[in-house]
Amino acid sequence: MTLGDILKTKGSNVYTIHPEATIEQAIQELTQHNIGALVVCDRDICEGEKICGIITERDILRFVADPSRQASSVKVSEVMTRQLYTGEPNQFVEEAMSLMTSRRIRHLPVLSGGRLVGIVSIGDVVKSQLDRLAMENQFMKDYIQG
C-alpha cells in the first residue's frame with residue numbers, strides 16, 4: 001500500500017495557513033477543522049504556492065508554555081517547524097511509517113512534482129496497516145477453512 005492509496009480513501013484535502021497569520025488564527029483553524037496540523041504556505045502570483053513549514057498542536061503547546069508571548073501578536077512563521085519532512089504518493093506506507101517514527105512526527109505532507117497533494121497522519125498510517133492485517137487474517141481464515 002502507498003501514501004497515494006491512503007489519500008484515495010481519506011481524501012486529499014489539506015488545510016494551509018499563511019506564515020504571516022497569527023498563532024491565534026492558527027488555533028482557530030485547527031479547532032474549526034478538528035485537525036492537528038496546518039501546512040504553512042506562502043502564495044505568490046508569479047511563483048505560485050511555496051511550502052514554508054508546518055505548524056502543529058505540539059508547536060503551539062510549546063508556544064503557550066511561554067507566558068510572555070501573546071497568540072494575537074505572534075506570527076505563525078515564528079513558531080512553525082521549518083524542517084519539513086514530506087512523502088510522495090508512490091511511497092510505501094512502511095517507509096513513511098519508518099520516517100515518521102524515527103523523526104518523531106505525526107503529520108507528513110505528500111508532494112507530487114513539488115506540489116502539495118495531501119497530508120497523512122500517523123493515525124492514517126496505522127489504520128492502513130490495521131486494515132491490511134485484517135484482510136490478510138481473513139484470507140488466511142478462508143484458506144484454512146477452504
# chains A, B, ... in the order shown; residues from 1 in each chain; ligands from 1

call {"tool": "select_by_dssp", "arguments": {"residues": "chain A", "states": "strand (DSSP E)", "output": "ChimeraX atom specification"}}
result
/A:16-17,37-44,48-56,107-112,115-121

call {"tool": "residues_around", "arguments": {"residues": "region 2-16 of chain A", "least_positions_apart": "5", "cutoff": "9 Å", "atoms": "only C-alpha atoms", "output": "ChimeraX atom specification"}}
result
/A:29-30,33,35,37-41,54,87-94,96,109-110,116-120,124-125,128

call {"tool": "select_by_dssp", "arguments": {"residues": "chain A", "states": "helix (DSSP H, G or I)", "output": "PyMOL selection string"}}
result
chain A and resi 3-10+23-33+57-64+76-79+93-103+122-145

call {"tool": "closest_residue", "arguments": {"among": "A:Thr81, A:Ser121, A:Gln145, A:Thr31", "to": "Thr56 (chain A)", "atoms": "only C-alpha atoms"}}
result
A:Thr81

call {"tool": "closest_residue", "arguments": {"among": "A:Gly36, A:Gly114, A:Ile23, A:Leu133", "to": "Val64 (chain A)", "atoms": "only C-alpha atoms"}}
result
A:Ile23

call {"tool": "closest_residue", "arguments": {"among": "A:Glu136, A:Ile105, A:Tyr85, A:Val76", "to": "Glu24 (chain A)", "atoms": "only C-alpha atoms"}}
result
A:Val76

call {"tool": "atom_distance", "arguments": {"atom1": "CA of Pro67 (chain A)", "atom2": "CA of Glu20 (chain A)"}}
result
21.0 Å

call {"tool": "atom_distance", "arguments": {"atom1": "CA of Ser112 (chain A)", "atom2": "CA of Arg43 (chain A)"}}
result
17.6 Å

call {"tool": "closest_residue", "arguments": {"among": "A:Asp59, A:Asp42, A:Glu49, A:Glu95", "to": "Val79 (chain A)", "atoms": "only C-alpha atoms"}}
result
A:Asp59

call {"tool": "closest_residue", "arguments": {"among": "A:Thr22, A:Arg82, A:Val126, A:Arg104", "to": "Arg69 (chain A)", "atoms": "only C-alpha atoms"}}
result
A:Thr22

call {"tool": "atom_distance", "arguments": {"atom1": "CA of Gln129 (chain A)", "atom2": "CA of Gly53 (chain A)"}}
result
27.2 Å

call {"tool": "closest_residue", "arguments": {"among": "A:Glu78, A:Ile122, A:Met97, A:Phe139", "to": "His18 (chain A)", "atoms": "only C-alpha atoms"}}
result
A:Glu78
